[in-house]
Amino acid sequence: MKIAAIQIAAFFFVALTPYASLIAFPLYVMANLLLGPASILALLVTSRQVGNSLDFPKAGFAHSMFQTWYWSNVALATPCIAVALYCCVSGLQRGEHIVVRRETRELNGGAGRVDLLLGHSKKDANPNKTKTLLAFILFDPNRSYEKTDFSGGDGPEVSATNINLQTPGASTFGYGSIWNRTSDLLEIQGREFARKNGNVFLILQTDSYPCDIIQLSETCDAAGIDQVIEFAKEQCEKIGETRLRQLRDTR
């Protein structure tokens with residue numbers, strides 16, 4: 001009964017996860033076409049009649065072959081289970097883009113922070129490749145902050161990111177953002193942006209305004225913070241934005 005349950009589970013997980021099937025399904029078929037009949041035949045040949053039932057040997061070549069067949073099915077089912085769970089989690093998010101994880105890093109010892117939303121788009125040729133979907137670079141070249149407050153997360157349709165840098169009893173600096181993944185529009189500090197026009201946003205402190213929000217016009221598909229920061233610096237040079245020249249990474 002246990003063997004049958006494993007076989008059925010392995011079959012359904014392979015059948016229902018097409019990306020895993022590219023590797024798992026051929027191995028699954030091979031294991032069952034070759035090991036399955038051979039294992040059953042070997043057990044039947046080495047079994048003996050005890051009353052009204054067959055007694056199978058607990059050791060020997062036949063038993064080892066049967067165990068190999070059994071665990072090969074378990075091994076094939078395990079990665080398929082992982083892929084199936086990932087698909088279930090991704091399926092909870094609506095819209096063109098799926099957020100898989102977030103990364104963050106402090107900048108200049110407390111003068112700023114970078115936040116990435118990483119994942120993939122449904123039209124990507126390789127949906128297993130993780131890329132930057134949205135990047136926020138919060139930076140104040142003239143101050144350093146002691147505390148960071150973060151709130152937000154990724155719901156079925158909306159991704160929220162709220163950052164506030166604080167120095168107790170003194171200045172604060174931050175932003176609040178909401179990304180609607182269905183419309184692909186963002187609202188940052190009450191201003192609306194279309195992500196298709198650029199997915200990297202600079203939130204820079206100034207003396208005359210609470211902050212400048214700059215949407216870089218090119219799309220960055222990098223998969224890490226270092227590459228996003230270099231991308232932002234290059235784009236800032238093109239548009240004559242000099243404040244990021246003072247930016248260095250604090251790992």
# chains A, B, ... in the order shown; residues from 1 in each chain; ligands from 1
$ residues_around --residues "segment 219-235 of chain A" --least-positions-apart "4" --cutoff "6 Å" --atoms "only C-alpha atoms" --output "ChimeraX atom specification"
/A:131-132,198-199
$ write_last_selection --atoms "C-alpha atoms" --output "short mmCIF file (atom, residue, chain, number, x, y, z; two decimals), in the first residue's frame"
data_model
loop_
_atom_site.label_atom_id
_atom_site.label_comp_id
_atom_site.auth_asym_id
_atom_site.auth_seq_id
_atom_site.Cartn_x
_atom_site.Cartn_y
_atom_site.Cartn_z
CA LYS A 131 15.78 39.38 -11.76
CA THR A 132 15.16 42.79 -10.23
CA GLY A 198 11.90 52.33 -15.43
CA ASN A 199 12.09 50.00 -12.44
#
$ residues_around --residues "Ala111 of chain A" --least-positions-apart "2" --cutoff "6 Å" --atoms "only C-alpha atoms" --output "list in words"
Leu107, Asn108, Gly109, Phe139, Asp140, Arg143, Ser144 and Tyr145 of chain A
$ write_last_selection --atoms "N, CA, C and O atoms" --output "PDB file, in the first residue's frame"
ATOM      1  N   LEU A 107      23.560  51.666   3.292  1.00  0.00           N
ATOM      2  CA  LEU A 107      24.496  52.426   2.471  1.00  0.00           C
ATOM      3  C   LEU A 107      25.192  53.492   3.301  1.00  0.00           C
ATOM      4  O   LEU A 107      24.562  54.157   4.129  1.00  0.00           O
ATOM      5  N   ASN A 108      26.475  53.659   3.069  1.00  0.00           N
ATOM      6  CA  ASN A 108      27.269  54.710   3.706  1.00  0.00           C
ATOM      7  C   ASN A 108      27.096  54.769   5.221  1.00  0.00           C
ATOM      8  O   ASN A 108      26.945  55.840   5.804  1.00  0.00           O
ATOM      9  N   GLY A 109      27.070  53.615   5.867  1.00  0.00           N
ATOM     10  CA  GLY A 109      27.023  53.568   7.324  1.00  0.00           C
ATOM     11  C   GLY A 109      25.811  54.220   7.950  1.00  0.00           C
ATOM     12  O   GLY A 109      25.891  54.750   9.054  1.00  0.00           O
ATOM     13  N   PHE A 139      18.834  57.608  -0.280  1.00  0.00           N
ATOM     14  CA  PHE A 139      20.187  58.080   0.021  1.00  0.00           C
ATOM     15  C   PHE A 139      20.184  59.564   0.384  1.00  0.00           C
ATOM     16  O   PHE A 139      19.580  60.392  -0.288  1.00  0.00           O
ATOM     17  N   ASP A 140      20.869  59.877   1.482  1.00  0.00           N
ATOM     18  CA  ASP A 140      21.059  61.251   1.932  1.00  0.00           C
ATOM     19  C   ASP A 140      22.565  61.485   2.037  1.00  0.00           C
ATOM     20  O   ASP A 140      23.202  61.002   2.978  1.00  0.00           O
ATOM     21  N   ARG A 143      23.824  63.315   5.612  1.00  0.00           N
ATOM     22  CA  ARG A 143      23.489  62.920   6.979  1.00  0.00           C
ATOM     23  C   ARG A 143      23.694  61.418   7.175  1.00  0.00           C
ATOM     24  O   ARG A 143      23.831  60.659   6.222  1.00  0.00           O
ATOM     25  N   SER A 144      23.666  61.024   8.439  1.00  0.00           N
ATOM     26  CA  SER A 144      23.711  59.609   8.783  1.00  0.00           C
ATOM     27  C   SER A 144      22.633  59.353   9.823  1.00  0.00           C
ATOM     28  O   SER A 144      22.428  60.152  10.736  1.00  0.00           O
ATOM     29  N   TYR A 145      21.929  58.229   9.673  1.00  0.00           N
ATOM     30  CA  TYR A 145      20.788  57.919  10.539  1.00  0.00           C
ATOM     31  C   TYR A 145      21.103  56.673  11.373  1.00  0.00           C
ATOM     32  O   TYR A 145      21.842  55.788  10.942  1.00  0.00           O
TER      33      TYR A 145
END
$ residues_around --residues "segment 159-169 of chain A" --least-positions-apart "5" --cutoff "9 Å" --atoms "only C-alpha atoms" --output "ChimeraX atom specification"
/A:99,110-113,115,117,138,144-154,174-181
$ write_last_selection --atoms "N, CA and C atoms" --output "PDB file, in the first residue's frame"
ATOM      1  N   VAL A  99       6.783  38.326  -7.218  1.00  0.00           N
ATOM      2  CA  VAL A  99       7.878  38.631  -6.297  1.00  0.00           C
ATOM      3  C   VAL A  99       8.239  37.363  -5.528  1.00  0.00           C
ATOM      4  N   GLY A 110      24.681  54.196   7.256  1.00  0.00           N
ATOM      5  CA  GLY A 110      23.453  54.755   7.819  1.00  0.00           C
ATOM      6  C   GLY A 110      22.909  55.946   7.055  1.00  0.00           C
ATOM      7  N   ALA A 111      23.567  56.331   5.981  1.00  0.00           N
ATOM      8  CA  ALA A 111      23.098  57.468   5.182  1.00  0.00           C
ATOM      9  C   ALA A 111      22.065  57.058   4.149  1.00  0.00           C
ATOM     10  N   GLY A 112      21.786  55.781   4.049  1.00  0.00           N
ATOM     11  CA  GLY A 112      20.803  55.340   3.070  1.00  0.00           C
ATOM     12  C   GLY A 112      20.582  53.849   3.112  1.00  0.00           C
ATOM     13  N   ARG A 113      19.814  53.387   2.160  1.00  0.00           N
ATOM     14  CA  ARG A 113      19.444  51.973   2.124  1.00  0.00           C
ATOM     15  C   ARG A 113      18.948  51.645   0.725  1.00  0.00           C
ATOM     16  N   ASP A 115      16.691  48.713  -1.402  1.00  0.00           N
ATOM     17  CA  ASP A 115      15.730  47.611  -1.273  1.00  0.00           C
ATOM     18  C   ASP A 115      15.370  47.096  -2.655  1.00  0.00           C
ATOM     19  N   LEU A 117      13.095  44.200  -4.894  1.00  0.00           N
ATOM     20  CA  LEU A 117      12.068  43.184  -5.018  1.00  0.00           C
ATOM     21  C   LEU A 117      12.473  42.318  -6.196  1.00  0.00           C
ATOM     22  N   LEU A 138      17.431  54.682  -1.392  1.00  0.00           N
ATOM     23  CA  LEU A 138      17.184  55.810  -0.494  1.00  0.00           C
ATOM     24  C   LEU A 138      18.538  56.323  -0.013  1.00  0.00           C
ATOM     25  N   SER A 144      23.666  61.024   8.439  1.00  0.00           N
ATOM     26  CA  SER A 144      23.711  59.609   8.783  1.00  0.00           C
ATOM     27  C   SER A 144      22.633  59.353   9.823  1.00  0.00           C
ATOM     28  N   TYR A 145      21.929  58.229   9.673  1.00  0.00           N
ATOM     29  CA  TYR A 145      20.788  57.919  10.539  1.00  0.00           C
ATOM     30  C   TYR A 145      21.103  56.673  11.373  1.00  0.00           C
ATOM     31  N   GLU A 146      20.512  56.619  12.549  1.00  0.00           N
ATOM     32  CA  GLU A 146      20.868  55.568  13.505  1.00  0.00           C
ATOM     33  C   GLU A 146      19.903  54.383  13.496  1.00  0.00           C
ATOM     34  N   LYS A 147      18.685  54.591  13.031  1.00  0.00           N
ATOM     35  CA  LYS A 147      17.668  53.552  13.141  1.00  0.00           C
ATOM     36  C   LYS A 147      16.873  53.474  11.846  1.00  0.00           C
ATOM     37  N   THR A 148      16.469  52.247  11.479  1.00  0.00           N
ATOM     38  CA  THR A 148      15.658  52.035  10.283  1.00  0.00           C
ATOM     39  C   THR A 148      14.373  51.312  10.654  1.00  0.00           C
ATOM     40  N   ASP A 149      13.245  51.891  10.254  1.00  0.00           N
ATOM     41  CA  ASP A 149      11.948  51.241  10.418  1.00  0.00           C
ATOM     42  C   ASP A 149      11.479  50.765   9.050  1.00  0.00           C
ATOM     43  N   PHE A 150      11.082  49.492   8.988  1.00  0.00           N
ATOM     44  CA  PHE A 150      10.598  48.921   7.728  1.00  0.00           C
ATOM     45  C   PHE A 150       9.241  48.275   7.955  1.00  0.00           C
ATOM     46  N   SER A 151       8.359  48.445   6.989  1.00  0.00           N
ATOM     47  CA  SER A 151       7.102  47.710   6.964  1.00  0.00           C
ATOM     48  C   SER A 151       6.730  47.470   5.515  1.00  0.00           C
ATOM     49  N   GLY A 152       5.929  46.459   5.291  1.00  0.00           N
ATOM     50  CA  GLY A 152       5.513  46.145   3.928  1.00  0.00           C
ATOM     51  C   GLY A 152       5.477  44.658   3.698  1.00  0.00           C
ATOM     52  N   GLY A 153       5.266  44.279   2.453  1.00  0.00           N
ATOM     53  CA  GLY A 153       5.174  42.874   2.093  1.00  0.00           C
ATOM     54  C   GLY A 153       4.509  42.736   0.742  1.00  0.00           C
ATOM     55  N   ASP A 154       4.317  41.489   0.324  1.00  0.00           N
ATOM     56  CA  ASP A 154       3.767  41.190  -0.991  1.00  0.00           C
ATOM     57  C   ASP A 154       2.451  40.437  -0.842  1.00  0.00           C
ATOM     58  N   GLY A 174      12.562  59.139   4.682  1.00  0.00           N
ATOM     59  CA  GLY A 174      12.047  57.871   4.184  1.00  0.00           C
ATOM     60  C   GLY A 174      10.995  58.053   3.113  1.00  0.00           C
ATOM     61  N   TYR A 175      10.300  56.975   2.834  1.00  0.00           N
ATOM     62  CA  TYR A 175       9.266  56.989   1.790  1.00  0.00           C
ATOM     63  C   TYR A 175       8.288  55.847   2.034  1.00  0.00           C
ATOM     64  N   GLY A 176       7.132  55.955   1.395  1.00  0.00           N
ATOM     65  CA  GLY A 176       6.154  54.884   1.374  1.00  0.00           C
ATOM     66  C   GLY A 176       5.761  54.613  -0.064  1.00  0.00           C
ATOM     67  N   SER A 177       5.696  53.339  -0.434  1.00  0.00           N
ATOM     68  CA  SER A 177       5.375  52.992  -1.822  1.00  0.00           C
ATOM     69  C   SER A 177       4.394  51.831  -1.870  1.00  0.00           C
ATOM     70  N   ILE A 178       3.559  51.846  -2.904  1.00  0.00           N
ATOM     71  CA  ILE A 178       2.623  50.764  -3.172  1.00  0.00           C
ATOM     72  C   ILE A 178       2.711  50.439  -4.655  1.00  0.00           C
ATOM     73  N   TRP A 179       3.005  49.193  -4.956  1.00  0.00           N
ATOM     74  CA  TRP A 179       3.090  48.741  -6.349  1.00  0.00           C
ATOM     75  C   TRP A 179       1.913  47.821  -6.629  1.00  0.00           C
ATOM     76  N   ASN A 180       1.024  48.240  -7.521  1.00  0.00           N
ATOM     77  CA  ASN A 180      -0.088  47.413  -7.978  1.00  0.00           C
ATOM     78  C   ASN A 180       0.421  46.575  -9.144  1.00  0.00           C
ATOM     79  N   ARG A 181       0.595  45.270  -8.922  1.00  0.00           N
ATOM     80  CA  ARG A 181       1.184  44.419  -9.949  1.00  0.00           C
ATOM     81  C   ARG A 181       0.227  44.128 -11.094  1.00  0.00           C
TER      82      ARG A 181
END
$ closest_residue --among "A:Gly119, A:Pro141, A:Glu218, A:Leu134" --to "Leu186 of chain A" --atoms "only C-alpha atoms"
A:Leu134
$ closest_residue --among "A:Gln93, A:Ser121, A:Thr242, A:Asn142" --to "Val158 of chain A" --atoms "only C-alpha atoms"
A:Gln93
$ select_by_dssp --residues "segment 204-234 of chain A" --states "strand (DSSP E)" --output "PyMOL selection string"
chain A and resi 204+212-216
$ select_by_dssp --residues "segment 79-200 of chain A" --states "helix (DSSP H, G or I)" --output "number ranges by chain"
A: 79-91, 195-197
$ closest_residue --among "A:Ala125, A:Leu244, A:Ala170, A:Ile98" --to "Ile203 of chain A" --atoms "only C-alpha atoms"
A:Leu244
$ residues_around --residues "Gly95 of chain A" --least-positions-apart "5" --cutoff "8 Å" --atoms "only C-alpha atoms" --output "list in words"
Glu157, Arg181, Thr182, Ser183 and Asp184 of chain A
$ write_last_selection --atoms "N, CA, C and O atoms" --output "CSV table (one decimal), in the first residue's frame"
chain,number,residue,atom,x,y,z
A,157,GLU,N,-2.1,41.1,-4.8
A,157,GLU,CA,-2.1,42.0,-5.9
A,157,GLU,C,-1.2,43.2,-5.7
A,157,GLU,O,-0.7,43.8,-6.7
A,181,ARG,N,0.6,45.3,-8.9
A,181,ARG,CA,1.2,44.4,-9.9
A,181,ARG,C,0.2,44.1,-11.1
A,181,ARG,O,0.7,43.7,-12.1
A,182,THR,N,-1.1,44.4,-10.9
A,182,THR,CA,-2.0,44.2,-12.0
A,182,THR,C,-2.0,45.3,-13.0
A,182,THR,O,-1.9,45.1,-14.2
A,183,SER,N,-2.0,46.5,-12.5
A,183,SER,CA,-1.9,47.7,-13.4
A,183,SER,C,-0.5,48.1,-13.7
A,183,SER,O,-0.2,48.9,-14.6
A,184,ASP,N,0.5,47.5,-12.9
A,184,ASP,CA,1.9,47.9,-13.0
A,184,ASP,C,2.2,49.3,-12.8
A,184,ASP,O,3.1,49.9,-13.4
